[in-house]
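Enquirer: Next up is a structure, given as structure tokens.
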There are 2 protein chains.
Amino acid sequence: MGRIVDHDQRREIFAAAALRVIMREGIIGLTVREVAKEAGFTTGALTHYFQSKDQLLIQASEHSSTLVRARMERAAAAPSAIEAIRKVVMLALPLTPELRGYWRIWVGYWERSSYDADVARVMGLRYDEWRGRLTSLLARGQQEGEVSAQLDITQAADALVAMIDGIGVQVLLGVSRFPPARQKAMFDLWLDTVRAGPKT
Amino acid sequence: MGRIVDHDQRREIFAAAALRVIMREGIIGLTVREVAKEAGFTTGALTHYFQSKDQLLIQASEHSSTLVRARMERAAAAPSAIEAIRKVVMLALPLTPELRGYWRIWVGYWERSSYDADVARVMGLRYDEWRGRLTSLLARGQQEGEVSAQLDITQAADALVAMIDGIGVQVLLGVSRFPPARQKAMFDLWLDTVRAGPKT
DNA sequence: TTTGTTATATAACAGACGTTACGCAAAGAC
DNA sequence: GTCTTTGCGTAACGTCTGTTATATAACAAA
């Protein structure tokens with residue numbers, strides 16, 4: 001009965017298109033018409049898969065986290081915990097144009113979060129995952145002796161998450177303000193406060 | 001010739017109203033009509049003082065920095081440099097509802113900065129001032145022997161600025177996520193990396 | 001082939017947006 | 001007093017918004 005298409009796949013197409021629109025024009029430029037056009041459809045198709053613009057916004061956020069999750073998990077599989085942390089952080093920092101595009105998306109969602117409880121809740125889940133990934137890597141580092149045993153890993157993860165977001169903000173105001181080298185220098189500074197002392 | 005009013009004062013009234021609107025409804029809710037209404041005027045009056053909405057946005061940002069600057073300078077006058085830094089940071093962290101309101105404004109401007117070069121430029125100036133204030137306090141701390149002499153104060157200021165913005169983001173997603181105590185704990189952690197060792 | 005259902009396009013809706021135009025009232029200049 | 005400039009409210013403009021309604025086309029099931 002009726003032709004059949006994969007609804008989840010369609011929703012992913014629209015979610016990906018929404019992300020591209022946000023990258024290009026900011027979250028303020030995210031309109032139903034523009035997303036549909038970017039996806040190669042019209043609003044009639046989009047509304048068939050999303051009841052409202054808000055749902056599209058949420059779904060797009062979930063899609064973007066799916067995209068990075070695979071890369072993150074591959075990076076986290078590095079043999080040394082410290083090296084894993086480094087690789088994971090290099091995927092998060094706005095070092096390349098592509099990664100800076102993602103930061104434009106995150107900042108857009110931060111803005112929405114400040115007055116939209118639904119978006120805030122979803123973003124909270126993203127950060128729980130992010131913070132969790134870092135804390136478990138730090139815990140692994142402690143077991144393997146690379147990370148100082150008396151370190152409060154929760155607090156250290158908090159500090160790293162905050163610092164990375166802060167870097168993202170600065171880069172957004174202009175890459176020249178915080179070039180990749182300066183970003184990495186700040187990360188190395190954090191790493192020093194976390195490393196186990198030479199020998200023991 | 002004609003009745004006379006203080007144009008700068010009028011512009012401040014509208015700028016202050018714009019900030020209140022952003023606090024309440026986000027930067028997406030900042031409309032010419034809403035700002036005029038918040039200020040107790042109509043759009044006819046507002047357009048008399050601002051050629052465009054963009055100019056209003058810039059002016060509002062400048063007004064907000066004027067508001068905090070006075071408090072910051074008073075705090076920076078503390079006898080001890082470390083104490084001055086602490087007081088200044090306590091004015092920046094989203095510790096109270098009022099201060100959290102300001103963070104909603106900043107995040108709104110971050111968002112705009114990512115695709116509006118004019119806003120990005122103005123925000124860049126704000127951050128230059130903010131970073132400059134912290135670096136000069138750190139330099140004072142070094143002179144007075146409170147801050148480690150071999151510290152790279154530029155890098156330390158960068159780290160603090162980034163960390164505070166990162167805290168602001170987390171608090172925006174929900175205060176419960178980062179209560180005042182946790183914010184202060186993170187700041188103290190930074191302070192430890194900056195302090196001169198006991199004695200010398 | 002006919003029937004029924006789904007996918008998508010087109011179009012309309014009511015409202016909000018930034019901006020511009022216009023008109024009246026207030027008040028300094030003379 | 002009149003004249004003239006300015007302050008501000010009202011209203012209109014055209015455009016864009018999210019959403020809903022309707023029409024057409026595609027295809028599975030009978």
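Ordering of the structure tokens sets the chain letters (A, B, ...), residue numbers begin anew at 1 in every chain, and ligands are numbered from 1 in the order given.
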When you get a sec, could you note down which chain A residues fall within 9 Å of chain C, using only C-alpha atoms (C1' of nucleotides), as a PDB file with all heavy atoms, in the first residue's frame?

Expert:
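Printed below is iface.pdb as written:
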ATOM      1  N   MET A   1       0.827  -1.206   0.000  1.00  0.00           N
ATOM      2  CA  MET A   1       0.000   0.000   0.000  1.00  0.00           C
ATOM      3  C   MET A   1       0.857   1.249   0.000  1.00  0.00           C
ATOM      4  O   MET A   1       1.458   1.563   1.011  1.00  0.00           O
ATOM      5  CB  MET A   1      -0.941   0.054   1.199  1.00  0.00           C
ATOM      6  CG  MET A   1      -0.649  -0.953   2.298  1.00  0.00           C
ATOM      7  SD  MET A   1      -1.573  -0.557   3.761  1.00  0.00           S
ATOM      8  CE  MET A   1      -2.972  -1.671   3.586  1.00  0.00           C
ATOM      9  N   GLY A   2       0.826   1.934  -1.118  1.00  0.00           N
ATOM     10  CA  GLY A   2       1.592   3.168  -1.207  1.00  0.00           C
ATOM     11  C   GLY A   2       3.072   2.908  -1.382  1.00  0.00           C
ATOM     12  O   GLY A   2       3.590   1.866  -0.998  1.00  0.00           O
ATOM     13  N   ARG A   3       3.755   3.832  -1.984  1.00  0.00           N
ATOM     14  CA  ARG A   3       5.178   3.615  -2.153  1.00  0.00           C
ATOM     15  C   ARG A   3       5.898   3.712  -0.810  1.00  0.00           C
ATOM     16  O   ARG A   3       5.421   4.345   0.129  1.00  0.00           O
ATOM     17  CB  ARG A   3       5.764   4.636  -3.140  1.00  0.00           C
ATOM     18  CG  ARG A   3       5.804   6.033  -2.625  1.00  0.00           C
ATOM     19  CD  ARG A   3       5.617   6.978  -3.793  1.00  0.00           C
ATOM     20  NE  ARG A   3       6.865   7.646  -4.116  1.00  0.00           N
ATOM     21  CZ  ARG A   3       6.896   8.933  -4.504  1.00  0.00           C
ATOM     22  NH1 ARG A   3       5.781   9.623  -4.612  1.00  0.00           N
ATOM     23  NH2 ARG A   3       8.024   9.490  -4.794  1.00  0.00           N
ATOM     24  N   ILE A   4       7.044   3.109  -0.770  1.00  0.00           N
ATOM     25  CA  ILE A   4       7.712   2.961   0.526  1.00  0.00           C
ATOM     26  C   ILE A   4       9.095   3.613   0.485  1.00  0.00           C
ATOM     27  O   ILE A   4       9.858   3.437  -0.457  1.00  0.00           O
ATOM     28  CB  ILE A   4       7.801   1.456   0.882  1.00  0.00           C
ATOM     29  CG1 ILE A   4       7.573   1.261   2.368  1.00  0.00           C
ATOM     30  CG2 ILE A   4       9.125   0.868   0.432  1.00  0.00           C
ATOM     31  CD1 ILE A   4       7.118  -0.150   2.679  1.00  0.00           C
ATOM     32  N   VAL A   5       9.394   4.421   1.488  1.00  0.00           N
ATOM     33  CA  VAL A   5      10.733   4.993   1.627  1.00  0.00           C
ATOM     34  C   VAL A   5      11.166   4.826   3.078  1.00  0.00           C
ATOM     35  O   VAL A   5      10.332   4.677   3.965  1.00  0.00           O
ATOM     36  CB  VAL A   5      10.785   6.493   1.252  1.00  0.00           C
ATOM     37  CG1 VAL A   5      10.211   6.734  -0.129  1.00  0.00           C
ATOM     38  CG2 VAL A   5      10.059   7.320   2.293  1.00  0.00           C
ATOM     39  N   PHE A  41      14.507  19.030  -1.553  1.00  0.00           N
ATOM     40  CA  PHE A  41      13.064  18.781  -1.499  1.00  0.00           C
ATOM     41  C   PHE A  41      12.338  20.109  -1.314  1.00  0.00           C
ATOM     42  O   PHE A  41      12.953  21.174  -1.367  1.00  0.00           O
ATOM     43  CB  PHE A  41      12.728  17.852  -0.329  1.00  0.00           C
ATOM     44  CG  PHE A  41      13.211  16.447  -0.498  1.00  0.00           C
ATOM     45  CD1 PHE A  41      14.494  16.084  -0.126  1.00  0.00           C
ATOM     46  CD2 PHE A  41      12.374  15.476  -1.038  1.00  0.00           C
ATOM     47  CE1 PHE A  41      14.959  14.792  -0.287  1.00  0.00           C
ATOM     48  CE2 PHE A  41      12.826  14.175  -1.198  1.00  0.00           C
ATOM     49  CZ  PHE A  41      14.119  13.825  -0.824  1.00  0.00           C
ATOM     50  N   THR A  42      11.053  20.031  -1.091  1.00  0.00           N
ATOM     51  CA  THR A  42      10.285  21.233  -0.768  1.00  0.00           C
ATOM     52  C   THR A  42       9.718  21.079   0.640  1.00  0.00           C
ATOM     53  O   THR A  42       9.837  20.019   1.267  1.00  0.00           O
ATOM     54  CB  THR A  42       9.127  21.428  -1.757  1.00  0.00           C
ATOM     55  OG1 THR A  42       8.259  20.296  -1.668  1.00  0.00           O
ATOM     56  CG2 THR A  42       9.639  21.577  -3.179  1.00  0.00           C
ATOM     57  N   THR A  43       9.115  22.148   1.117  1.00  0.00           N
ATOM     58  CA  THR A  43       8.615  22.120   2.497  1.00  0.00           C
ATOM     59  C   THR A  43       7.582  21.012   2.695  1.00  0.00           C
ATOM     60  O   THR A  43       7.452  20.473   3.785  1.00  0.00           O
ATOM     61  CB  THR A  43       7.976  23.464   2.871  1.00  0.00           C
ATOM     62  OG1 THR A  43       6.752  23.606   2.149  1.00  0.00           O
ATOM     63  CG2 THR A  43       8.885  24.618   2.517  1.00  0.00           C
ATOM     64  N   GLY A  44       6.867  20.697   1.647  1.00  0.00           N
ATOM     65  CA  GLY A  44       5.862  19.642   1.754  1.00  0.00           C
ATOM     66  C   GLY A  44       6.472  18.317   2.173  1.00  0.00           C
ATOM     67  O   GLY A  44       5.901  17.585   2.985  1.00  0.00           O
ATOM     68  N   ALA A  45       7.651  18.015   1.614  1.00  0.00           N
ATOM     69  CA  ALA A  45       8.321  16.771   1.988  1.00  0.00           C
ATOM     70  C   ALA A  45       8.818  16.837   3.429  1.00  0.00           C
ATOM     71  O   ALA A  45       8.666  15.897   4.209  1.00  0.00           O
ATOM     72  CB  ALA A  45       9.481  16.509   1.033  1.00  0.00           C
ATOM     73  N   HIS A  48       6.405  16.352   6.095  1.00  0.00           N
ATOM     74  CA  HIS A  48       5.925  14.968   6.143  1.00  0.00           C
ATOM     75  C   HIS A  48       6.719  14.160   7.173  1.00  0.00           C
ATOM     76  O   HIS A  48       6.232  13.158   7.695  1.00  0.00           O
ATOM     77  CB  HIS A  48       6.075  14.344   4.755  1.00  0.00           C
ATOM     78  CG  HIS A  48       5.269  13.097   4.561  1.00  0.00           C
ATOM     79  ND1 HIS A  48       3.891  13.103   4.549  1.00  0.00           N
ATOM     80  CD2 HIS A  48       5.633  11.818   4.384  1.00  0.00           C
ATOM     81  CE1 HIS A  48       3.455  11.872   4.364  1.00  0.00           C
ATOM     82  NE2 HIS A  48       4.498  11.065   4.263  1.00  0.00           N
TER      83      HIS A  48
END

Enquirer: Please build the interface table for chain A against chain B with a cut-off of 10 Å, listing for each qualifying residue the nearest atom pair and the distance in Å to one decimal; count only C-alpha atoms, order rows by chain and increasing number, and write it as CSV.

Expert:
residue,atom,partner,partner_atom,distance
A:Ile22,CA,B:Tyr115,CA,9.8
A:Met23,CA,B:Tyr115,CA,8.9
A:Arg24,CA,B:Tyr115,CA,7.9
A:Glu25,CA,B:Tyr115,CA,6.5
A:Gly26,CA,B:Tyr115,CA,6.3
A:Ile27,CA,B:Glu111,CA,8.0
A:Ile28,CA,B:Ile28,CA,7.1
A:Arg100,CA,B:Ser114,CA,9.8
A:Gly101,CA,B:Ser114,CA,9.5
A:Trp103,CA,B:Ser114,CA,9.0
A:Arg104,CA,B:Ser114,CA,6.2
A:Ile105,CA,B:Glu111,CA,9.0
A:Trp106,CA,B:Glu111,CA,9.2
A:Val107,CA,B:Glu111,CA,5.7
A:Gly108,CA,B:Glu111,CA,5.6
A:Tyr109,CA,B:Glu111,CA,8.9
A:Trp110,CA,B:Val169,CA,7.0
A:Glu111,CA,B:Gly108,CA,5.6
A:Arg112,CA,B:Gly26,CA,7.5
A:Ser113,CA,B:Leu173,CA,6.1
A:Ser114,CA,B:Leu172,CA,5.7
A:Tyr115,CA,B:Gly26,CA,6.3
A:Asp116,CA,B:Gly26,CA,9.3
A:Ala117,CA,B:Leu173,CA,8.4
A:Val119,CA,B:Leu173,CA,8.8
A:Ala120,CA,B:Leu173,CA,5.1
A:Arg121,CA,B:Leu173,CA,7.3
A:Val122,CA,B:Leu173,CA,9.3
A:Met123,CA,B:Leu173,CA,7.2
A:Gly124,CA,B:Leu173,CA,6.3
A:Tyr127,CA,B:Gln170,CA,8.6
A:Gln155,CA,B:Met186,CA,7.2
A:Ala156,CA,B:Met186,CA,8.8
A:Asp158,CA,B:Met186,CA,8.0
A:Ala159,CA,B:Met186,CA,6.7
A:Leu160,CA,B:Met163,CA,8.2
A:Val161,CA,B:Gly166,CA,7.0
A:Ala162,CA,B:Gly166,CA,3.7
A:Met163,CA,B:Met163,CA,4.5
A:Ile164,CA,B:Gly166,CA,7.2
A:Asp165,CA,B:Gly166,CA,5.0
A:Gly166,CA,B:Ala162,CA,3.7
A:Ile167,CA,B:Ala162,CA,5.6
A:Gly168,CA,B:Ala162,CA,8.5
A:Val169,CA,B:Trp110,CA,7.0
A:Gln170,CA,B:Ala162,CA,7.8
A:Val171,CA,B:Ser114,CA,9.4
A:Leu172,CA,B:Ser114,CA,5.7
A:Leu173,CA,B:Ala120,CA,5.1
A:Gly174,CA,B:Ala120,CA,7.4
A:Arg177,CA,B:Gly124,CA,8.6
A:Phe178,CA,B:Asp158,CA,9.7
A:Arg182,CA,B:Gln155,CA,8.8
A:Gln183,CA,B:Asp158,CA,9.8
A:Ala185,CA,B:Gln155,CA,8.5
A:Met186,CA,B:Ala159,CA,6.7
A:Phe187,CA,B:Ala159,CA,9.2
A:Leu189,CA,B:Gln155,CA,8.8
A:Trp190,CA,B:Ala159,CA,9.0
A:Thr193,CA,B:Thr193,CA,8.2

Enquirer: So, counting only C-alpha atoms, which residue among B:Glu83, B:Glu38, B:Glu129, B:Asp6 is closest to Ala157 in chain B?

Expert: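 Smallest distance to Ala157 in chain B is found for B:Glu129.
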
Enquirer: Would you pick out the contacts of Lys53 in chain A at 9 Å or less, using only C-alpha atoms (C1' of nucleotides), so that residues sharing its chain but fewer than 4 positions from it are not included, and give the list as a list of chain:residue names?

Expert: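 The residues satisfying every condition are A:Thr31, A:Val32, A:Thr47, A:Leu57, A:Ile58, D:DG18.
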
Enquirer: Go ahead and write the residues just picked, N, CA, C and O atoms (P, O5', C5', C4', C3', O3' and C1' of nucleotides), as a PDB file, in the first residue's frame.

Expert:
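File result-v2.pdb, as written:
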ATOM      1  N   THR A  31      15.699  28.039   8.312  1.00  0.00           N
ATOM      2  CA  THR A  31      14.266  28.102   8.048  1.00  0.00           C
ATOM      3  C   THR A  31      13.842  26.808   7.361  1.00  0.00           C
ATOM      4  O   THR A  31      14.648  26.128   6.730  1.00  0.00           O
ATOM      5  N   VAL A  32      12.590  26.509   7.526  1.00  0.00           N
ATOM      6  CA  VAL A  32      12.049  25.278   6.949  1.00  0.00           C
ATOM      7  C   VAL A  32      12.275  25.240   5.440  1.00  0.00           C
ATOM      8  O   VAL A  32      12.713  24.238   4.885  1.00  0.00           O
ATOM      9  N   THR A  47       7.799  18.609   5.994  1.00  0.00           N
ATOM     10  CA  THR A  47       6.757  18.552   7.019  1.00  0.00           C
ATOM     11  C   THR A  47       6.148  17.150   7.117  1.00  0.00           C
ATOM     12  O   THR A  47       5.493  16.820   8.098  1.00  0.00           O
ATOM     13  N   LEU A  57      15.193  20.723  14.623  1.00  0.00           N
ATOM     14  CA  LEU A  57      16.361  21.260  15.307  1.00  0.00           C
ATOM     15  C   LEU A  57      16.984  20.212  16.235  1.00  0.00           C
ATOM     16  O   LEU A  57      18.209  20.013  16.247  1.00  0.00           O
ATOM     17  N   ILE A  58      16.153  19.561  16.988  1.00  0.00           N
ATOM     18  CA  ILE A  58      16.622  18.516  17.915  1.00  0.00           C
ATOM     19  C   ILE A  58      17.279  17.381  17.132  1.00  0.00           C
ATOM     20  O   ILE A  58      18.381  16.931  17.443  1.00  0.00           O
TER      21      ILE A  58
ATOM     22  P    DG D  18      10.752  29.129   9.596  1.00  0.00           P
ATOM     23  O5'  DG D  18       9.347  28.714  10.243  1.00  0.00           O
ATOM     24  C5'  DG D  18       9.109  29.017  11.614  1.00  0.00           C
ATOM     25  C4'  DG D  18       7.730  28.535  12.017  1.00  0.00           C
ATOM     26  C3'  DG D  18       7.505  27.031  11.839  1.00  0.00           C
ATOM     27  O3'  DG D  18       6.667  26.570  12.899  1.00  0.00           O
ATOM     28  C1'  DG D  18       6.028  28.214  10.404  1.00  0.00           C
TER      29       DG D  18
END

Enquirer: Mind dumping a table of every chain D residue within 6 Å of chain A, with the nearest atom pair and its distance in Å to one decimal, using only C-alpha atoms (C1' of nucleotides), sorted by chain and rising number, as JSON lines?

Expert:
{"residue": "D:DC27", "atom": "C1'", "partner": "A:Arg3", "partner_atom": "CA", "distance": 4.5}
{"residue": "D:DA28", "atom": "C1'", "partner": "A:Met1", "partner_atom": "CA", "distance": 4.2}
{"residue": "D:DA29", "atom": "C1'", "partner": "A:Met1", "partner_atom": "CA", "distance": 5.8}

Enquirer: What separation in Å, quoted to one decimal, exists between CA of Gln142 in chain A and CA of Asp128 in chain A?

Expert: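 Atom-to-atom, CA of Gln142 in chain A and CA of Asp128 in chain A are spaced 20.8 Å apart.
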
Enquirer: Work out how far apart CA of Glu12 in chain B and CA of His63 in chain B are and give it in Å to one decimal.

Expert: 6.9 Å

Enquirer: When you look at Leu137 in chain B with a cut-off of 10 Å (counting only C-alpha atoms (C1' of nucleotides)), what residues show up, excluding the ones that are within fewer than 3 positions of it in the same chain? I need them as a ChimeraX atom specification.

Expert: /B:76-77,80-85,88,131-134,140-143,147,153,157

Enquirer: Can you pull out every residue from range 27-185 of chain A that DSSP, working from the backbone, puts in alpha helix (DSSP H), and format the result as a ChimeraX atom specification?

Expert: /A:32-39,43-49,53-76,81-92,97-113,117-143,153-172,180-185

Enquirer: Find the spatial neighbours of Lys184 in chain A, counting only C-alpha atoms (C1' of nucleotides), within a cut-off of 10 Å - ignore same-chain residues fewer than 6 positions away - and output them as a PyMOL selection string.

Expert: chain A and resi 86+89-90+93+95+178+190
